[in-house]
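Asks: Provided herewith: target.txt, compact mmCIF, C-alpha atoms.
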# COMPACT_ATOMS: atom_id res chain seq x y z
CA MET A 1 91.17 112.32 98.25
CA ASN A 2 89.02 111.52 101.27
CA PRO A 3 88.80 107.78 101.77
CA SER A 4 85.33 106.41 101.68
CA HIS A 5 83.91 103.17 102.84
CA PRO A 6 80.91 101.20 101.69
CA ASP A 7 79.64 102.00 105.14
CA ASP A 8 79.46 105.76 104.52
CA SER A 9 75.77 106.10 103.94
CA HIS A 10 75.10 109.51 105.39
CA PRO A 11 75.37 112.95 103.84
CA ALA A 12 77.72 115.41 105.51
CA GLY A 13 76.42 117.36 108.47
CA ALA A 14 74.47 114.30 109.48
CA HIS A 15 72.70 113.26 112.62
CA HIS A 16 75.75 113.20 114.89
CA ASP A 17 76.88 116.68 113.86
CA LEU A 18 74.62 118.38 116.34
CA GLY A 19 76.08 121.79 117.10
CA GLY A 20 73.33 124.36 116.77
CA ALA A 21 70.45 121.94 116.30
CA LEU A 22 67.22 123.20 117.82
CA LEU A 23 66.61 120.61 120.50
CA GLY A 24 64.81 120.70 123.80
CA ALA A 25 65.40 120.25 127.50
CA ILE A 26 68.58 118.57 128.74
CA ASP A 27 67.77 115.56 130.91
CA ARG A 28 70.11 115.79 133.87
CA CYS A 29 69.10 112.51 135.43
CA GLU A 30 72.15 110.41 136.31
CA HIS A 31 72.55 106.79 137.26
CA PRO A 32 75.56 104.83 138.42
CA ARG A 33 77.13 102.74 135.69
CA THR A 34 75.82 99.20 135.35
CA LEU A 35 78.18 96.26 135.07
CA TYR A 36 77.28 95.97 131.40
CA GLU A 37 78.27 99.59 130.80
CA MET A 38 81.55 99.15 132.64
CA ARG A 39 82.35 96.06 130.61
CA VAL A 40 81.57 97.70 127.26
CA ASP A 41 83.72 100.66 128.20
CA ALA A 42 86.60 98.50 129.41
CA MET A 43 86.50 96.41 126.25
CA LEU A 44 86.66 99.37 123.91
CA MET A 45 89.37 101.07 125.99
CA ARG A 46 91.55 97.96 125.85
CA LEU A 47 90.91 97.29 122.17
CA THR A 48 91.89 100.85 121.25
CA HIS A 49 94.89 100.91 123.59
CA PRO A 50 98.23 101.07 121.72
CA SER A 51 99.27 97.76 123.30
CA CYS A 52 96.35 96.03 121.57
CA GLY A 53 95.64 98.32 118.64
CA ALA A 54 92.70 96.41 117.20
CA PHE A 55 91.37 99.68 115.83
CA LYS A 56 91.36 103.36 116.64
CA VAL A 57 88.70 105.29 118.52
CA ASP A 58 88.26 107.29 115.29
CA ALA A 59 87.04 104.12 113.56
CA MET A 60 84.44 103.57 116.25
CA ARG A 61 83.23 107.14 115.88
CA ARG A 62 83.01 106.65 112.10
CA ALA A 63 81.02 103.45 112.52
CA ILE A 64 78.55 105.15 114.88
CA GLU A 65 78.25 108.18 112.60
CA ASN A 66 77.13 105.84 109.84
CA TYR A 67 74.24 104.39 111.79
CA SER A 68 70.79 105.25 110.55
CA ARG A 69 69.16 108.20 112.27
CA LEU A 70 66.83 105.78 114.02
CA GLU A 71 69.71 103.76 115.44
CA TYR A 72 71.78 106.79 116.33
CA GLU A 73 68.96 108.51 118.16
CA GLY A 74 67.24 105.40 119.49
CA LEU A 75 70.01 103.19 120.78
CA PRO A 76 71.33 103.84 124.26
CA TYR A 77 74.89 105.14 124.42
CA TYR A 78 76.68 101.91 125.36
CA ASP A 79 74.62 99.85 122.93
CA ARG A 80 75.90 102.12 120.14
CA TRP A 81 79.47 101.43 121.22
CA ILE A 82 79.23 97.66 121.59
CA LYS A 83 77.61 97.47 118.16
CA ALA A 84 80.51 99.50 116.75
CA VAL A 85 83.03 97.24 118.50
CA ARG A 86 81.40 94.26 116.83
CA GLN A 87 81.48 95.88 113.41
CA LEU A 88 85.13 96.85 113.69
CA LEU A 89 86.29 93.49 115.02
CA VAL A 90 84.73 91.94 111.92
CA GLU A 91 86.14 94.67 109.65
CA GLN A 92 89.59 93.96 111.01
CA GLY A 93 89.17 90.21 110.59
CA ILE A 94 89.65 89.57 114.31
CA LEU A 95 86.31 87.82 114.68
CA SER A 96 83.72 86.74 112.15
CA ASP A 97 80.02 87.50 112.10
CA SER A 98 79.13 83.82 112.10
CA GLN A 99 81.41 83.20 115.08
CA ILE A 100 79.74 86.01 116.97
CA ASN A 101 76.21 84.95 116.05
CA GLU A 102 76.94 81.36 117.05
CA ARG A 103 78.23 82.46 120.44
CA ILE A 104 75.24 84.72 121.06
CA GLU A 105 72.91 81.80 120.40
CA ARG A 106 74.93 79.56 122.69
CA ILE A 107 74.72 82.13 125.47
CA ARG A 108 71.01 82.67 124.88
CA ALA A 109 70.36 78.93 125.06
CA ALA A 110 72.35 78.63 128.27
CA ARG A 111 70.40 81.50 129.82
CA ASN A 112 67.09 79.99 128.74
CA GLN A 113 68.05 76.72 130.36
CA GLN A 114 68.85 78.57 133.58
CA GLY A 115 65.47 80.26 133.39
CA ASN A 116 66.89 83.76 132.91
CA MET B 1 100.76 127.27 108.39
CA PHE B 2 98.82 129.95 110.26
CA THR B 3 100.35 132.14 112.90
CA GLN B 4 98.68 133.19 116.12
CA GLY B 5 96.25 136.03 115.52
CA THR B 6 95.67 135.22 111.85
CA ARG B 7 92.10 135.43 110.68
CA VAL B 8 91.02 132.18 109.05
CA LYS B 9 87.90 130.97 107.32
CA VAL B 10 86.62 127.43 107.78
CA GLN B 11 86.19 125.81 104.39
CA ASP B 12 82.60 125.25 103.45
CA ARG B 13 82.83 121.88 101.77
CA GLN B 14 81.45 118.41 102.34
CA ILE B 15 83.22 115.05 102.52
CA SER B 16 81.49 111.74 102.58
CA GLY B 17 83.64 110.20 105.29
CA HIS B 18 84.58 110.85 108.90
CA CYS B 19 84.96 114.57 109.56
CA ARG B 20 85.87 116.47 112.71
CA THR B 21 84.99 119.92 111.36
CA PRO B 22 81.47 120.61 112.60
CA GLN B 23 78.89 121.82 110.13
CA TYR B 24 78.00 124.87 112.23
CA LEU B 25 81.53 126.28 111.76
CA LYS B 26 81.83 125.77 108.02
CA GLY B 27 82.15 129.08 106.20
CA LYS B 28 82.77 130.98 109.44
CA ILE B 29 85.69 133.28 110.15
CA GLY B 30 87.70 133.14 113.34
CA GLU B 31 91.13 133.89 114.75
CA VAL B 32 93.97 131.45 115.29
CA ILE B 33 94.72 131.26 119.02
CA GLU B 34 97.26 128.47 119.08
CA ASP B 35 99.12 125.98 116.94
CA THR B 36 98.65 122.75 118.87
CA GLY B 37 101.10 120.77 116.75
CA ARG B 38 100.70 117.91 114.31
CA TRP B 39 98.45 114.93 114.77
CA ARG B 40 97.59 111.81 112.83
CA ASN B 41 94.67 112.65 110.56
CA PRO B 42 91.43 111.28 112.05
CA GLU B 43 89.79 111.28 108.62
CA LEU B 44 92.23 108.50 107.71
CA LEU B 45 92.55 106.78 111.12
CA ALA B 46 88.82 106.18 110.95
CA TYR B 47 89.45 103.75 108.06
CA HIS B 48 92.33 101.86 109.65
CA LYS B 49 94.92 103.89 107.76
CA PRO B 50 98.01 105.24 109.55
CA GLY B 51 96.71 108.82 109.36
CA LEU B 52 99.77 110.18 107.60
CA PRO B 53 100.93 112.74 106.71
CA MET B 54 100.27 114.27 110.11
CA ALA B 55 97.97 117.26 110.06
CA ARG B 56 98.54 120.52 111.90
CA LEU B 57 95.78 121.38 114.35
CA PHE B 58 94.85 124.93 115.31
CA ARG B 59 92.71 126.26 118.11
CA VAL B 60 90.51 128.85 116.43
CA ARG B 61 88.36 131.36 118.28
CA PHE B 62 85.11 132.66 116.83
CA ARG B 63 82.80 135.41 117.97
CA GLN B 64 79.41 133.83 118.56
CA ILE B 65 77.77 136.62 116.57
CA ASP B 66 79.91 135.59 113.59
CA ILE B 67 78.66 132.02 113.88
CA TRP B 68 74.97 132.54 114.64
CA GLY B 69 74.36 136.04 113.30
CA ALA B 70 73.37 139.33 114.84
CA ASP B 71 70.47 137.62 116.66
CA TYR B 72 72.94 136.03 119.08
CA PRO B 73 72.28 138.08 122.21
CA ASN B 74 75.78 138.73 123.59
CA PRO B 75 78.42 140.22 121.28
CA ILE B 76 81.07 139.52 123.88
CA ASP B 77 80.73 135.69 123.74
CA THR B 78 83.14 133.43 121.90
CA LEU B 79 83.62 129.80 120.90
CA ASP B 80 86.84 127.85 120.46
CA ALA B 81 87.28 124.75 118.34
CA ASP B 82 90.28 122.64 117.33
CA LEU B 83 90.44 122.52 113.54
CA TYR B 84 92.85 120.92 111.09
CA GLU B 85 94.92 123.03 108.73
CA HIS B 86 93.39 121.48 105.62
CA TRP B 87 90.01 122.86 106.70
CA LEU B 88 91.21 126.45 107.08
CA GLU B 89 92.08 129.18 104.63
CA ASP B 90 93.57 132.61 105.15
CA ALA B 91 90.86 135.23 105.64
CA GLU B 92 92.92 138.27 106.49
CA HIS B 93 91.12 140.35 103.93
CA ALA B 94 87.74 138.66 104.06
CA VAL B 95 84.68 140.29 105.53
CA ALA B 96 83.41 138.50 108.63
CA GLU B 97 80.06 136.78 108.07
CA GLY B 98 77.26 138.54 109.88
CA ALA B 99 79.26 141.72 110.37
CA MET C 1 85.88 112.62 150.05
CA SER C 2 82.52 114.23 150.21
CA MET C 3 81.50 114.77 146.61
CA HIS C 4 77.74 115.14 146.40
CA ASP C 5 77.86 113.77 142.94
CA PRO C 6 75.09 111.31 142.20
CA SER C 7 77.00 109.99 139.26
CA ALA C 8 80.12 109.15 141.26
CA PRO C 9 80.53 105.41 141.02
CA HIS C 10 79.95 103.59 144.24
CA ASP C 11 82.03 100.70 145.45
CA HIS C 12 81.49 97.52 143.51
CA ASP C 13 83.33 94.57 144.92
CA HIS C 14 84.95 93.11 141.85
CA HIS C 15 87.62 91.20 143.67
CA ASP C 16 85.90 87.86 143.70
CA HIS C 17 84.96 87.91 140.03
CA ASP C 18 86.50 85.16 138.01
CA HIS C 19 85.93 86.19 134.46
CA GLY C 20 87.43 83.01 133.12
CA ASP C 21 84.26 81.19 134.20
CA HIS C 22 81.34 82.58 132.19
CA ASP C 23 78.60 81.40 134.50
CA HIS C 24 80.42 82.73 137.52
CA ALA C 25 80.73 86.15 135.93
CA ASP C 26 77.01 86.19 135.17
CA SER C 27 76.07 85.25 138.70
CA HIS C 28 77.80 88.38 139.93
CA ALA C 29 75.92 90.66 137.59
CA PRO C 30 73.66 93.21 139.27
CA ILE C 31 69.94 92.47 139.48
CA GLU C 32 69.14 94.81 136.59
CA ASP C 33 71.19 92.73 134.20
CA HIS C 34 69.16 89.67 135.09
CA ASP C 35 65.87 91.50 134.80
CA THR C 36 66.50 93.17 131.48
CA VAL C 37 68.90 91.13 129.39
CA THR C 38 68.96 92.66 125.96
CA GLU C 39 70.52 91.57 122.68
CA PHE C 40 73.33 93.99 123.43
CA HIS C 41 74.07 92.33 126.78
CA LEU C 42 74.34 89.03 124.94
CA LEU C 43 76.55 90.65 122.32
CA GLU C 44 78.88 92.07 124.95
CA GLN C 45 79.23 88.70 126.63
CA ALA C 46 79.80 86.95 123.30
CA LEU C 47 82.49 89.39 122.24
CA ARG C 48 84.17 89.25 125.63
CA GLU C 49 84.28 85.46 125.62
CA LEU C 50 85.50 85.24 122.03
CA LEU C 51 88.18 87.89 122.50
CA ILE C 52 89.47 86.18 125.63
CA GLU C 53 89.51 82.81 123.88
CA ALA C 54 91.33 84.35 120.93
CA GLY C 55 93.93 85.84 123.28
CA VAL C 56 93.17 89.38 122.12
CA LEU C 57 92.20 90.44 125.63
CA SER C 58 92.40 88.76 128.99
CA ALA C 59 89.80 88.64 131.71
CA ALA C 60 92.28 90.18 134.13
CA GLU C 61 92.95 93.04 131.75
CA ILE C 62 89.26 93.84 131.42
CA GLN C 63 88.86 93.68 135.17
CA GLN C 64 91.86 95.94 135.72
CA GLN C 65 90.49 98.46 133.22
CA ILE C 66 87.12 98.51 134.98
CA GLU C 67 88.83 99.18 138.30
CA LEU C 68 91.14 101.79 136.81
CA GLN C 69 88.22 103.72 135.37
CA GLU C 70 86.08 103.35 138.51
CA ALA C 71 88.91 104.86 140.52
CA LYS C 72 88.72 107.98 138.38
CA THR C 73 86.26 110.38 139.97
CA PRO C 74 85.87 114.16 140.00
CA ALA C 75 87.77 114.16 143.31
CA LEU C 76 90.97 113.87 141.24
CA GLY C 77 90.10 116.99 139.29
CA ALA C 78 89.14 118.78 142.50
CA LYS C 79 92.54 117.96 143.98
CA ILE C 80 94.26 119.45 140.93
CA VAL C 81 92.12 122.59 141.03
CA ALA C 82 92.57 123.04 144.77
CA ARG C 83 96.32 122.86 144.35
CA ALA C 84 96.22 125.33 141.46
CA TRP C 85 94.25 127.73 143.63
CA SER C 86 96.69 127.37 146.55
CA ASP C 87 100.05 127.29 144.83
CA ASP C 88 100.95 129.83 142.15
CA GLY C 89 104.01 127.88 141.05
CA PHE C 90 101.94 124.75 140.58
CA ARG C 91 99.28 126.66 138.69
CA ALA C 92 101.88 128.09 136.32
CA ARG C 93 103.35 124.63 135.69
CA LEU C 94 99.86 123.20 135.23
CA LEU C 95 98.97 125.74 132.58
CA ALA C 96 102.29 125.32 130.80
CA ASP C 97 102.40 121.51 130.75
CA PRO C 98 99.20 120.02 132.14
CA LYS C 99 99.92 116.32 131.53
CA ALA C 100 103.41 116.37 133.01
CA THR C 101 102.31 118.41 136.03
CA ILE C 102 99.35 116.13 136.74
CA THR C 103 101.50 113.03 136.25
CA ASP C 104 103.92 114.44 138.85
CA MET C 105 101.00 114.41 141.31
CA GLY C 106 100.77 110.66 140.82
CA ILE C 107 97.68 110.76 138.61
CA ASP C 108 97.96 108.56 135.54
CA VAL C 109 96.85 110.50 132.49
CA SER C 110 98.85 108.51 129.98
CA TYR C 111 95.74 107.51 128.08
CA THR C 112 94.76 111.16 127.55
CA PRO C 113 96.17 112.23 124.18
CA ALA C 114 96.56 115.86 125.22
CA LEU C 115 95.19 118.07 127.92
CA THR C 116 94.54 121.79 128.09
CA VAL C 117 93.61 123.59 131.28
CA LEU C 118 91.22 126.54 131.03
CA GLU C 119 91.01 129.15 133.76
CA ASN C 120 87.70 130.74 134.58
CA GLY C 121 87.91 134.24 135.98
CA ALA C 122 89.02 137.70 134.88
CA GLY C 123 85.78 138.12 132.98
CA VAL C 124 85.89 134.82 131.06
CA HIS C 125 83.83 131.72 131.77
CA HIS C 126 84.65 128.57 129.80
CA VAL C 127 82.20 125.75 129.23
CA VAL C 128 83.27 122.53 127.52
CA VAL C 129 81.36 120.30 125.10
CA CYS C 130 81.97 117.73 122.39
CA THR C 131 79.31 118.45 119.78
CA LEU C 132 80.38 115.55 117.56
CA CYS C 133 80.46 112.76 120.14
CA SER C 134 81.40 112.72 123.86
CA CYS C 135 85.09 113.55 124.26
CA TYR C 136 85.83 114.28 127.92
CA PRO C 137 88.86 114.24 130.28
CA ARG C 138 87.82 110.86 131.69
CA MET C 139 91.26 110.10 133.14
CA ILE C 140 90.83 113.08 135.46
CA LEU C 141 87.10 113.46 136.00
CA GLY C 142 85.92 109.88 135.39
CA ILE C 143 83.14 108.94 133.03
CA PRO C 144 81.08 111.89 131.76
CA PRO C 145 77.50 112.27 132.96
CA ALA C 146 74.74 111.23 130.58
CA TRP C 147 73.70 114.84 129.99
CA TYR C 148 77.14 115.74 128.65
CA LYS C 149 76.72 113.01 126.04
CA SER C 150 73.14 113.97 125.26
CA ARG C 151 72.05 115.33 121.91
CA GLU C 152 70.38 118.25 123.63
CA TYR C 153 73.49 119.47 125.44
CA ARG C 154 75.71 119.01 122.42
CA ALA C 155 73.26 120.87 120.20
CA ARG C 156 72.33 123.76 122.49
CA VAL C 157 75.36 124.76 124.55
CA VAL C 158 77.23 126.03 121.49
CA ARG C 159 74.28 128.06 120.29
CA GLU C 160 72.65 129.31 123.50
CA PRO C 161 75.21 128.84 126.26
CA ARG C 162 73.71 131.45 128.55
CA THR C 163 70.31 129.78 128.48
CA VAL C 164 71.85 126.37 129.07
CA LEU C 165 73.93 127.70 131.96
CA GLU C 166 70.82 129.24 133.52
CA GLU C 167 69.18 125.81 133.30
CA PHE C 168 72.17 124.46 135.23
CA GLY C 169 71.68 127.20 137.82
CA VAL C 170 74.58 129.35 136.65
CA SER C 171 73.83 133.03 136.14
CA LEU C 172 76.59 135.18 134.76
CA PRO C 173 76.55 138.90 134.06
CA ASP C 174 76.45 140.18 130.50
CA THR C 175 79.93 141.57 131.07
CA THR C 176 81.37 138.05 131.47
CA GLU C 177 82.55 136.54 128.19
CA ILE C 178 81.17 133.03 127.90
CA ARG C 179 83.59 130.96 125.87
CA VAL C 180 82.31 127.60 124.70
CA VAL C 181 85.08 125.12 123.92
CA ASP C 182 84.15 122.37 121.44
CA SER C 183 86.47 119.35 121.81
CA THR C 184 86.62 118.56 118.13
CA ALA C 185 90.03 116.86 118.15
CA ASP C 186 92.28 114.99 120.58
CA LEU C 187 92.71 117.78 123.11
CA ARG C 188 90.75 117.29 126.31
CA TYR C 189 89.77 120.24 128.45
CA LEU C 190 89.69 120.75 132.22
CA VAL C 191 88.22 123.95 133.62
CA ILE C 192 89.68 125.60 136.71
CA PRO C 193 86.62 127.32 138.15
CA GLU C 194 86.95 130.77 139.65
CA ARG C 195 87.95 130.62 143.29
CA PRO C 196 85.13 131.91 145.49
CA ALA C 197 85.68 134.81 147.87
CA GLY C 198 86.12 133.97 151.54
CA THR C 199 88.30 130.90 150.93
CA GLU C 200 91.66 132.46 151.66
CA SER C 201 92.15 130.57 154.92
CA LEU C 202 91.16 127.14 153.61
CA ASN C 203 93.71 124.40 153.02
CA GLU C 204 93.76 122.30 149.84
CA GLU C 205 91.60 119.54 151.29
CA ALA C 206 88.90 122.01 152.31
CA LEU C 207 89.13 123.80 148.98
CA ALA C 208 88.67 120.54 147.09
CA GLU C 209 85.29 120.09 148.82
CA LEU C 210 84.05 123.22 147.06
CA ILE C 211 84.88 122.00 143.56
CA SER C 212 82.19 119.99 141.79
CA ARG C 213 82.46 118.02 138.57
CA ASP C 214 80.15 120.48 136.85
CA ALA C 215 82.40 123.39 137.87
CA MET C 216 85.27 121.63 136.07
CA ILE C 217 83.17 121.29 132.93
CA GLY C 218 81.92 124.84 133.18
CA THR C 219 78.26 124.09 133.81
CA GLY C 220 78.69 124.87 137.49
CA LEU C 221 80.47 127.28 139.78
CA ALA C 222 82.67 126.45 142.74
CA LYS C 223 80.68 126.46 145.97
CA ARG C 224 81.07 129.13 148.58
CA PRO C 225 82.44 127.95 151.92
CA ASN C 226 79.89 127.13 154.63
CA ALA C 227 79.83 129.26 157.72
CA GLY C 228 79.43 126.22 159.97
CA PRO C 229 81.30 122.94 160.39
CA SER C 230 81.20 120.45 157.54
CA THR C 231 78.31 117.99 157.79
CA GLN C 232 80.12 115.38 155.70
Could you show the structure in this file as C-alpha cells?

Replies:
Amino acid sequence: MNPSHPDDSHPAGAHHDLGGALLGAIDRCEHPRTLYEMRVDAMLMRLTHPSCGAFKVDAMRRAIENYSRLEYEGLPYYDRWIKAVRQLLVEQGILSDSQINERIERIRAARNQQGN
Amino acid sequence: MFTQGTRVKVQDRQISGHCRTPQYLKGKIGEVIEDTGRWRNPELLAYHKPGLPMARLFRVRFRQIDIWGADYPNPIDTLDADLYEHWLEDAEHAVAEGA
Amino acid sequence: MSMHDPSAPHDHDHHDHDHGDHDHADSHAPIEDHDTVTEFHLLEQALRELLIEAGVLSAAEIQQQIELQEAKTPALGAKIVARAWSDDGFRARLLADPKATITDMGIDVSYTPALTVLENGAGVHHVVVCTLCSCYPRMILGIPPAWYKSREYRARVVREPRTVLEEFGVSLPDTTEIRVVDSTADLRYLVIPERPAGTESLNEEALAELISRDAMIGTGLAKRPNAGPSTQ
C-alpha cells in the first residue's frame, strides 16, 4: 500500500527520525545567512510554490531522509537541500544529470580561468 | 474518525517510505485534542503523487511519562504531535504504556 | 527595531544584482563564497543558470524571494504577540483564526499551510520542535536558527525538555506543565510567551521590544521591562 521508490534505502526509524535520541550539547552559535544559503532557499521555495509546482516539499524531505547516515549527518544543512533539489529536478525530468554535470564543469573552468 | 478526548494508540508498524509518524510515538497512547481537518497525504506527495484520498490529521496529546516511562521526572509534562488517522487506533479500553 | 538577535539578517544590498549575467552575479558574492567555493556552490549556480535558461524560474523571481524572506524577522512575530497582549479582541481572533488575523495586519502568510498559536501561561509552557526535519513558522519569524535544525535539539527537547530549557536559561517550576509540540505535519506553531509583570503601562511598540525569537519558540521567556530608558 505504501509507495516505495528505488531510492528508499533506509529502514524505518532511521537517522532523521531523531526524537529521543541520546545526543549531546546543542550548539547555539548563529551566523547570518550567506548568499549561497539565501539562493538555495529561494530556489527551493520557488520550485515548491504552487505556481511552479516542480515538486513538493515532501519529496525533498523524502530525498534527504534517504541519504546515507554519513551524508545526512555530515553535510551542512543547505548542501543537503541543494543536493535534494538536484535529485528531484532529474526525477521530474526537468533537467538531466548530464546537463547539470556539463554546466558544473563549465562554471568550474570559468572560475579557474579567473583564478578563483 | 476520532472525537476530541478519545484515547488513541499510535500504530507500531514500519513502512519503507516517507513517514511523518515519529518512531518515539509508535505504540504510545494519547488523547485526541483536535481534529485539524483533512490534508493531502505526505506519504504519497513525497513520490510525486497527488496525495489522495486526503487524510484526516489529529493533534494528539501524550503524557511524557507514557512516552518515556516512569523515569521521566515530571508527571505533569505533556507532548503534542499532529498524526494522521491511518496511524491511530482507538485505545479507549487499552492500558496506558508505562502506567 | 531593536532585536538583539544575532541571527537577524542584516541589510544586503541586492538591488544592483543582475542575475541574468552570471559573472556579474558572482562578483557580488560575499568574500566567503570566493574563499571557500565548494562543489555545492557550483551545483547551486549550475541549477540556477539551467532553470533560468529553461524558463522554469526567473532571476527576478529568485531575487524577489530572497528579499521576501530576508524581510521576515522575529520583529513580525513580536508585533503580533504585543498586539495579542494589548488587545483582548485581537487575541481572541488570533487564537480562533491565526492566518486570517495575521493577514489582516498586512503580514503575508499565504505560504504557510496552516498556523496554530499557542499561549504560554496559566501553568502551561509550550516549546516547539520539528523532530523529523526543521518545520518552522518562517513567514512570521524568518529563517530558523541553526540550533533549531540541529540533531541535538530535535533529539533532546522531546525527551528532556526541562534540561534543554535550563541550557537555554529558562527555569520553570515543577508545577508548570511543559508541553512540547512536535510539528510533524503541515501546521506551524507560534508561541505567545507569558506577559511579564510590570508591563501594564507599556504600549505595543514597547511591548514588542520584550519579545525575543526564542520566546516565540518556547526556548526563551519574554524580557522584563527595564527600569531606565531604552539604550537602543

Asks: Near chain C, meaning an atom within 6 Å, which residues of chain A appear when counting all atoms listed in the file? Write them as a PyMOL selection string.

Replies: chain A and resi 16-21+23+26+28+30-32+42+103-104

Asks: Write the residues of the selection above to a file with C-alpha atoms, as a compact mmCIF listing (two decimals), in the frame of the given file.

Replies:
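Produced file result17.txt, reproduced below:
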# COMPACT_ATOMS: atom_id res chain seq x y z
CA HIS A 16 75.75 113.20 114.89
CA ASP A 17 76.88 116.68 113.86
CA LEU A 18 74.62 118.38 116.34
CA GLY A 19 76.08 121.79 117.10
CA GLY A 20 73.33 124.36 116.77
CA ALA A 21 70.45 121.94 116.30
CA LEU A 23 66.61 120.61 120.50
CA ILE A 26 68.58 118.57 128.74
CA ARG A 28 70.11 115.79 133.87
CA GLU A 30 72.15 110.41 136.31
CA HIS A 31 72.55 106.79 137.26
CA PRO A 32 75.56 104.83 138.42
CA ALA A 42 86.60 98.50 129.41
CA ARG A 103 78.23 82.46 120.44
CA ILE A 104 75.24 84.72 121.06

Asks: Return as a ChimeraX atom specification the residues belonging to chain B that are within 6 Å of chain C, counting all atoms listed in the file.

Replies: /B:20,76-82

Asks: Between CA of Asn112 in chain A and CA of Ile100 in chain A, what is the distance in Å, rounded to a tenth?

Replies: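 Here the two named atoms are 18.3 Å from each other.
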
Asks: Counting all atoms listed in the file, which residues from chain B have an atom at most 9 Å from any atom of chain A, and could you show them as an mmCIF file with C-alpha atoms, in the frame of the given file?

Replies:
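Printed below is part.cif as written:
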data_model
loop_
_atom_site.group_PDB
_atom_site.id
_atom_site.type_symbol
_atom_site.label_atom_id
_atom_site.label_comp_id
_atom_site.auth_asym_id
_atom_site.auth_seq_id
_atom_site.Cartn_x
_atom_site.Cartn_y
_atom_site.Cartn_z
ATOM 1 C CA GLN B 14 81.450 118.410 102.340
ATOM 2 C CA ILE B 15 83.220 115.050 102.520
ATOM 3 C CA SER B 16 81.490 111.740 102.580
ATOM 4 C CA GLY B 17 83.640 110.200 105.290
ATOM 5 C CA HIS B 18 84.580 110.850 108.900
ATOM 6 C CA CYS B 19 84.960 114.570 109.560
ATOM 7 C CA PRO B 22 81.470 120.610 112.600
ATOM 8 C CA GLN B 23 78.890 121.820 110.130
ATOM 9 C CA TYR B 24 78.000 124.870 112.230
ATOM 10 C CA LEU B 25 81.530 126.280 111.760
ATOM 11 C CA PRO B 42 91.430 111.280 112.050
ATOM 12 C CA GLU B 43 89.790 111.280 108.620
ATOM 13 C CA LEU B 44 92.230 108.500 107.710
ATOM 14 C CA LEU B 45 92.550 106.780 111.120
ATOM 15 C CA ALA B 46 88.820 106.180 110.950
ATOM 16 C CA TYR B 47 89.450 103.750 108.060
ATOM 17 C CA HIS B 48 92.330 101.860 109.650
ATOM 18 C CA TRP B 68 74.970 132.540 114.640
#

Asks: CA of Val60 in chain B and CA of Gly5 in chain B, how far apart in Å?

Replies: 9.2 Å

Asks: Report as a PyMOL selection string all protein, DNA and RNA residues lying within 6 Å of range 206-208 of chain C, evaluated on all atoms listed in the file, omitting residues in the same chain fewer than 3 positions from it.

Replies: chain C and resi 78-79+82+202-203+211

Asks: Would you compute the distance between CA of Ile82 in chain A and CA of Asp41 in chain A? Give it in Å to one decimal.

Replies: 8.5 Å
